[in-house]
file run.csv (CSV, C-alpha atoms)
chain,number,residue,atom,x,y,z
A,1,LEU,CA,-34.0,-62.0,21.2
A,2,LEU,CA,-31.2,-63.2,19.0
A,3,ARG,CA,-31.0,-66.8,17.8
A,4,VAL,CA,-27.6,-68.1,16.7
A,5,LYS,CA,-28.2,-70.8,14.2
A,6,THR,CA,-24.8,-72.5,13.9
A,7,PRO,CA,-24.0,-76.1,12.8
A,8,LEU,CA,-22.4,-78.0,15.7
A,9,PRO,CA,-19.1,-78.7,13.9
A,10,CYS,CA,-18.6,-75.0,13.4
A,11,VAL,CA,-19.2,-74.3,17.1
A,12,LYS,CA,-16.6,-76.9,18.1
A,13,ALA,CA,-14.1,-75.1,15.9
A,14,VAL,CA,-14.8,-71.8,17.7
A,15,CYS,CA,-14.5,-73.5,21.1
A,16,ARG,CA,-11.1,-74.8,20.2
A,17,LEU,CA,-9.9,-71.3,19.3
A,18,LYS,CA,-11.5,-69.8,22.5
A,19,PRO,CA,-11.3,-72.5,25.2
A,20,VAL,CA,-13.5,-71.7,28.2
A,21,GLY,CA,-12.5,-74.5,30.5
A,22,ILE,CA,-14.1,-77.9,31.4
A,23,MET,CA,-17.8,-77.6,31.2
A,24,PRO,CA,-20.8,-79.2,29.4
A,25,LEU,CA,-20.8,-78.6,25.7
A,26,ALA,CA,-24.0,-76.6,25.8
A,27,ASN,CA,-22.5,-74.2,28.3
A,28,ARG,CA,-19.2,-74.0,26.3
A,29,ILE,CA,-21.2,-73.0,23.2
A,30,SER,CA,-23.2,-70.4,25.2
A,31,ALA,CA,-20.1,-68.9,26.8
A,32,VAL,CA,-18.1,-68.7,23.5
A,33,CYS,CA,-21.0,-67.1,21.7
A,34,LEU,CA,-21.6,-64.5,24.4
A,35,LEU,CA,-17.9,-63.7,24.5
A,36,LEU,CA,-17.8,-63.1,20.7
A,37,GLY,CA,-21.2,-61.5,20.4
A,38,LEU,CA,-22.2,-63.5,17.4
A,39,ALA,CA,-24.9,-62.1,15.1
A,40,ALA,CA,-28.0,-64.2,14.4
A,41,THR,CA,-27.7,-63.5,10.7
A,42,LEU,CA,-24.1,-64.4,10.3
A,43,SER,CA,-22.8,-68.0,10.1
A,44,VAL,CA,-19.6,-68.5,12.1
A,45,CYS,CA,-18.1,-70.7,9.5
A,46,ALA,CA,-19.2,-68.6,6.5
A,47,GLN,CA,-16.3,-67.8,4.2
A,48,THR,CA,-17.8,-64.4,3.3
A,49,VAL,CA,-21.1,-62.6,4.1
A,50,THR,CA,-22.6,-59.4,2.8
A,51,GLN,CA,-23.9,-56.5,4.8
A,52,ILE,CA,-26.2,-53.9,3.2
A,53,ILE,CA,-26.7,-50.5,5.0
A,54,PRO,CA,-29.1,-47.9,3.6
A,55,LEU,CA,-27.7,-44.4,3.8
A,56,THR,CA,-29.8,-41.2,3.6
A,57,THR,CA,-28.8,-37.7,2.5
A,58,GLY,CA,-26.9,-35.9,5.3
A,59,TRP,CA,-25.4,-37.6,8.3
A,60,ASN,CA,-25.6,-41.3,9.0
A,61,THR,CA,-24.2,-43.4,11.9
A,62,ILE,CA,-23.3,-46.9,10.7
A,63,TRP,CA,-22.0,-50.1,12.5
A,64,VAL,CA,-19.9,-52.3,10.3
A,65,GLU,CA,-20.4,-56.0,11.1
A,66,VAL,CA,-18.1,-57.6,8.5
A,67,GLU,CA,-14.4,-57.2,7.8
A,68,PRO,CA,-14.4,-56.0,4.2
A,69,THR,CA,-12.3,-58.1,1.8
A,70,ASN,CA,-10.7,-54.9,0.6
A,71,ASN,CA,-11.0,-52.6,3.6
A,72,ALA,CA,-9.5,-49.5,2.0
A,73,VAL,CA,-12.0,-46.7,2.6
A,74,SER,CA,-11.8,-45.7,-1.0
A,75,SER,CA,-12.8,-49.2,-2.0
A,76,VAL,CA,-15.5,-49.7,0.6
A,77,PHE,CA,-17.3,-46.4,-0.4
A,78,ALA,CA,-16.4,-46.6,-4.1
A,79,ASN,CA,-19.0,-45.1,-6.4
A,80,LEU,CA,-21.1,-43.8,-3.5
A,81,PRO,CA,-22.0,-40.1,-3.1
A,82,VAL,CA,-20.0,-39.8,0.1
A,83,GLU,CA,-18.8,-36.4,1.4
A,84,SER,CA,-16.8,-37.6,4.4
A,85,VAL,CA,-16.4,-40.6,6.9
A,86,TRP,CA,-15.5,-40.2,10.6
A,87,PRO,CA,-14.6,-42.9,13.2
A,88,TYR,CA,-13.3,-42.3,16.7
A,89,SER,CA,-9.8,-43.6,17.1
A,90,ASP,CA,-9.3,-43.9,20.9
A,91,LYS,CA,-10.8,-47.1,22.3
A,92,LEU,CA,-9.7,-46.5,25.9
A,93,ALA,CA,-11.3,-43.1,26.5
A,94,PRO,CA,-14.9,-41.9,26.2
A,95,VAL,CA,-15.9,-40.7,22.8
A,96,GLU,CA,-16.9,-37.0,22.9
A,97,PHE,CA,-20.6,-36.7,22.6
A,98,ILE,CA,-21.3,-34.4,19.6
A,99,GLN,CA,-24.9,-33.1,20.1
A,100,ASN,CA,-25.1,-31.3,16.8
A,101,LEU,CA,-23.4,-32.4,13.5
A,102,SER,CA,-24.1,-29.2,11.6
A,103,GLU,CA,-20.3,-29.0,11.4
A,104,GLU,CA,-17.8,-31.8,11.2
A,105,PRO,CA,-15.8,-32.5,14.4
A,106,TRP,CA,-12.6,-30.8,13.0
A,107,ASN,CA,-11.2,-29.7,16.4
A,108,ASP,CA,-11.3,-33.1,18.2
A,109,PRO,CA,-8.1,-35.0,17.6
A,110,GLY,CA,-9.8,-38.3,18.5
A,111,TRP,CA,-11.9,-38.2,15.3
A,112,ARG,CA,-10.1,-39.4,12.2
A,113,ARG,CA,-11.6,-38.6,8.8
A,114,TRP,CA,-11.7,-39.6,5.2
A,115,PHE,CA,-12.5,-37.4,2.1
A,116,PRO,CA,-12.9,-38.6,-1.5
A,117,ALA,CA,-9.9,-37.9,-3.7
A,118,ASP,CA,-11.7,-35.2,-5.6
A,119,SER,CA,-12.7,-33.3,-2.4
A,120,PRO,CA,-10.9,-30.0,-1.5
A,121,HIS,CA,-10.3,-31.5,1.9
A,122,ALA,CA,-8.7,-34.7,0.7
A,123,ILE,CA,-5.3,-33.7,1.9
A,124,LEU,CA,-6.7,-33.8,5.5
A,125,THR,CA,-7.5,-37.5,5.3
A,126,THR,CA,-6.3,-39.5,8.3
A,127,LEU,CA,-8.5,-42.6,7.9
A,128,PHE,CA,-7.4,-45.3,5.5
A,129,ALA,CA,-9.3,-48.5,6.4
A,130,VAL,CA,-12.7,-49.7,7.4
A,131,ASN,CA,-12.9,-52.4,10.1
A,132,ALA,CA,-15.6,-54.6,11.6
A,133,GLY,CA,-16.9,-53.8,15.0
A,134,LYS,CA,-16.6,-50.1,14.6
A,135,ALA,CA,-19.0,-47.1,14.3
A,136,TYR,CA,-18.6,-44.5,11.6
A,137,LEU,CA,-20.2,-41.2,10.9
A,138,VAL,CA,-20.9,-40.9,7.2
A,139,LYS,CA,-22.0,-37.8,5.5
A,140,MET,CA,-23.8,-38.3,2.2
A,141,THR,CA,-24.7,-35.9,-0.6
A,142,ASN,CA,-27.5,-38.2,-1.8
A,143,ALA,CA,-29.2,-41.4,-0.6
A,144,ALA,CA,-27.6,-44.7,-1.5
A,145,SER,CA,-26.9,-48.2,0.0
A,146,LEU,CA,-23.5,-49.4,1.3
A,147,THR,CA,-22.8,-53.0,0.4
A,148,SER,CA,-19.8,-54.6,2.1
A,149,THR,CA,-18.6,-58.2,1.7
A,150,GLY,CA,-16.1,-60.0,3.9
A,151,ARG,CA,-15.8,-62.2,6.9
A,152,PRO,CA,-18.0,-61.8,9.9
A,153,GLY,CA,-16.6,-59.6,12.6
A,154,LEU,CA,-16.2,-61.7,15.8
A,155,LYS,CA,-14.6,-59.2,18.2
A,156,PRO,CA,-15.3,-59.3,22.0
A,157,VAL,CA,-17.5,-56.4,23.1
A,158,SER,CA,-15.9,-53.8,25.3
A,159,TRP,CA,-17.5,-50.7,26.8
A,160,VAL,CA,-15.9,-47.6,28.2
A,161,PRO,CA,-17.3,-47.5,31.8
A,162,ASP,CA,-19.4,-44.6,33.1
A,163,ALA,CA,-19.6,-42.9,29.7
A,164,LEU,CA,-21.5,-42.7,26.5
A,165,ASN,CA,-20.3,-45.3,23.9
A,166,LEU,CA,-20.8,-44.9,20.2
A,167,ARG,CA,-21.6,-48.4,18.9
A,168,GLY,CA,-24.1,-50.6,17.1
A,169,PHE,CA,-25.6,-54.0,17.8
A,170,GLN,CA,-26.0,-57.2,15.9
A,171,VAL,CA,-29.8,-57.7,15.5
A,172,THR,CA,-31.8,-59.8,13.1
A,173,LEU,CA,-33.5,-58.1,10.2
A,174,GLY,CA,-36.8,-59.7,11.0
A,175,SER,CA,-36.8,-59.0,14.7
A,176,ARG,CA,-36.1,-55.4,15.8
A,177,PRO,CA,-36.2,-55.3,19.6
A,178,THR,CA,-36.9,-52.1,21.5
A,179,PHE,CA,-34.0,-50.6,23.4
A,180,ALA,CA,-35.7,-51.5,26.7
A,181,SER,CA,-36.0,-55.2,25.8
A,182,PHE,CA,-32.5,-55.4,24.2
A,183,PHE,CA,-30.8,-54.0,27.4
A,184,ALA,CA,-33.2,-55.5,30.0
A,185,ALA,CA,-30.7,-58.2,31.0
A,186,SER,CA,-27.8,-55.8,31.5
A,187,GLY,CA,-27.5,-53.9,34.8
A,188,ALA,CA,-24.9,-51.6,33.2
A,189,HIS,CA,-27.3,-50.4,30.4
A,190,ALA,CA,-30.9,-51.0,31.4
A,191,GLY,CA,-32.6,-47.7,32.0
A,192,GLN,CA,-29.6,-45.7,30.8
A,193,PRO,CA,-29.9,-43.0,28.1
A,194,ALA,CA,-29.4,-43.8,24.4
A,195,TYR,CA,-29.4,-41.4,21.5
A,196,ARG,CA,-30.2,-41.8,17.8
A,197,LEU,CA,-29.1,-39.5,15.0
A,198,ASP,CA,-31.6,-37.6,13.0
A,199,SER,CA,-30.0,-37.6,9.6
A,200,ALA,CA,-31.9,-34.6,8.2
A,201,SER,CA,-31.0,-32.2,11.1
A,202,GLY,CA,-27.7,-33.8,12.2
A,203,VAL,CA,-29.0,-33.7,15.8
A,204,TRP,CA,-28.9,-36.6,18.3
A,205,THR,CA,-32.2,-37.2,20.0
A,206,GLN,CA,-32.8,-39.4,23.1
A,207,VAL,CA,-34.7,-42.6,22.3
A,208,THR,CA,-37.9,-43.7,24.1
A,209,PRO,CA,-36.7,-47.1,25.3
A,210,THR,CA,-40.1,-48.9,25.3
A,211,VAL,CA,-41.0,-47.5,21.8
A,212,ASP,CA,-37.9,-47.0,19.7
A,213,ARG,CA,-36.3,-50.1,18.1
A,214,LEU,CA,-32.8,-50.9,17.1
A,215,ARG,CA,-31.8,-51.3,13.5
A,216,SER,CA,-29.2,-53.5,11.9
A,217,GLY,CA,-26.2,-51.5,10.8
A,218,GLU,CA,-27.0,-48.4,12.8
A,219,ALA,CA,-24.9,-47.0,15.6
A,220,TYR,CA,-26.0,-45.1,18.7
A,221,TRP,CA,-24.7,-43.3,21.7
A,222,VAL,CA,-25.5,-45.6,24.7
A,223,TYR,CA,-24.5,-45.0,28.3
A,224,GLY,CA,-22.7,-47.7,30.2
A,225,GLN,CA,-22.8,-47.5,34.0
A,226,GLY,CA,-19.7,-49.2,35.3
A,227,ALA,CA,-17.8,-52.0,33.5
A,228,SER,CA,-19.5,-54.1,30.9
A,229,THR,CA,-18.9,-56.6,28.2
A,230,TYR,CA,-22.6,-57.0,27.3
A,231,PRO,CA,-23.1,-57.9,23.6
A,232,GLY,CA,-26.9,-58.2,23.7
A,233,PRO,CA,-29.4,-61.0,24.5
A,234,LEU,CA,-28.5,-64.2,22.8
A,235,LYS,CA,-30.2,-67.6,22.6
A,236,ILE,CA,-28.5,-70.7,21.2
A,237,LYS,CA,-30.7,-73.0,19.1

call {"tool": "encode", "arguments": {"input": "run.csv", "output": "structure tokens"}}
result
Amino acid sequence: LLRVKTPLPCVKAVCRLKPVGIMPLANRISAVCLLLGLAATLSVCAQTVTQIIPLTTGWNTIWVEVEPTNNAVSSVFANLPVESVWPYSDKLAPVEFIQNLSEEPWNDPGWRRWFPADSPHAILTTLFAVNAGKAYLVKMTNAASLTSTGRPGLKPVSWVPDALNLRGFQVTLGSRPTFASFFAASGAHAGQPAYRLDSASGVWTQVTPTVDRLRSGEAYWVYGQGASTYPGPLKIK
């Protein structure tokens, strides 16, 4: 359960930007927050926030929740032991499910990539910016933490229907829900398969919904049955 703690004046400002018709204020707040998929840990009116994502040696799947102040890939991953970064570029089509990441997805034109300037593959770079509300595959040569500062990403949630979607979810650091409880309220996702990456082996493994828990800043393959705009369970307080 996510709790959005937002001062009322800030909520009014959001409502003016995203009018939802004539309805009681409490309903307007709920509708706007559901539309935007606000994170419990991010203040809507904050000028900047900081997201810290721990990265392990090998492959990682990250979900960026803030729009970096300087979103150049070389700036976001500056001074980190990064070997490569891979996002999927086509939002309208299903992302190809890569079961094993023992090799980079070179042959799929939908995957863009970034390599450090001193990499022998740097000339093949096709990714130049990191944006909020996107999942990235990140290959590390050593463990480190990614610290990103910027404005909260408040983009509407969109799912590709009848397909596996590569995405993360805004969850509070102190309350990690199970996959089953997080998706219980969504007919499009409840009971559907989800996969988590094993960084050491580079292999995606299916989660046990009632046991495995979501982590902030991590991305997963999650199946969506039919159309959905589900951002996750929210509660306004």

call {"tool": "residues_around", "arguments": {"input": "run.csv", "residues": "Gly187 (chain A)", "least_positions_apart": "5", "cutoff": "12 Å", "atoms": "all atoms listed in the file", "output": "PyMOL selection string"}}
result
chain A and resi 180+182+192+223-230+232

call {"tool": "closest_residue", "arguments": {"input": "run.csv", "among": "A:Ser199, A:Thr205, A:Ser186, A:Thr149", "to": "Thr69 (chain A)", "atoms": "all atoms listed in the file"}}
result
A:Thr149

call {"tool": "closest_residue", "arguments": {"input": "run.csv", "among": "A:Val160, A:Ala117, A:Asp212, A:Met140", "to": "Gly58 (chain A)", "atoms": "all atoms listed in the file"}}
result
A:Met140

call {"tool": "atom_distance", "arguments": {"input": "run.csv", "atom1": "CA of Gly153 (chain A)", "atom2": "CA of Pro87 (chain A)"}}
result
16.8 Å

call {"tool": "closest_residue", "arguments": {"input": "run.csv", "among": "A:Val222, A:Leu146, A:Ala200, A:Ala72", "to": "Trp59 (chain A)", "atoms": "all atoms listed in the file"}}
result
A:Ala200

call {"tool": "closest_residue", "arguments": {"input": "run.csv", "among": "A:Pro177, A:Pro54, A:Pro81, A:Pro120", "to": "Thr147 (chain A)", "atoms": "all atoms listed in the file"}}
result
A:Pro54

call {"tool": "residues_around", "arguments": {"input": "run.csv", "residues": "Val49 (chain A)", "least_positions_apart": "3", "cutoff": "7 Å", "atoms": "only C-alpha atoms", "output": "list of chain:residue names"}}
result
A:Ala46, A:Thr149, A:Gly150, A:Arg151, A:Pro152

call {"tool": "atom_distance", "arguments": {"input": "run.csv", "atom1": "CA of Arg176 (chain A)", "atom2": "CA of Ser84 (chain A)"}}
result
28.6 Å

call {"tool": "residues_around", "arguments": {"input": "run.csv", "residues": "Ala129 (chain A)", "least_positions_apart": "2", "cutoff": "12 Å", "atoms": "only C-alpha atoms", "output": "list in words"}}
result
Val64, Glu67, Pro68, Thr69, Asn70, Asn71, Ala72, Val73, Ser74, Ser75, Val76, Phe77, Val85, Trp86, Pro87, Ser89, Arg112, Arg113, Trp114, Thr125, Thr126, Leu127, Asn131, Ala132, Lys134 and Tyr136 of chain A

call {"tool": "atom_distance", "arguments": {"input": "run.csv", "atom1": "CA of Ala163 (chain A)", "atom2": "CA of Val138 (chain A)"}}
result
22.6 Å

call {"tool": "residues_around", "arguments": {"input": "run.csv", "residues": "Leu164 (chain A)", "least_positions_apart": "2", "cutoff": "10 Å", "atoms": "all atoms listed in the file", "output": "list in words"}}
result
Pro94, Val95, Glu96, Phe97, Trp159, Val160, Pro161, Asp162, Leu166, Arg167, Gln192, Pro193, Ala194, Tyr195, Tyr220, Trp221, Val222, Tyr223, Gly224 and Gln225 of chain A

call {"tool": "closest_residue", "arguments": {"input": "run.csv", "among": "A:Leu124, A:Ile52, A:Val171, A:Ala144", "to": "Leu214 (chain A)", "atoms": "all atoms listed in the file"}}
result
A:Val171
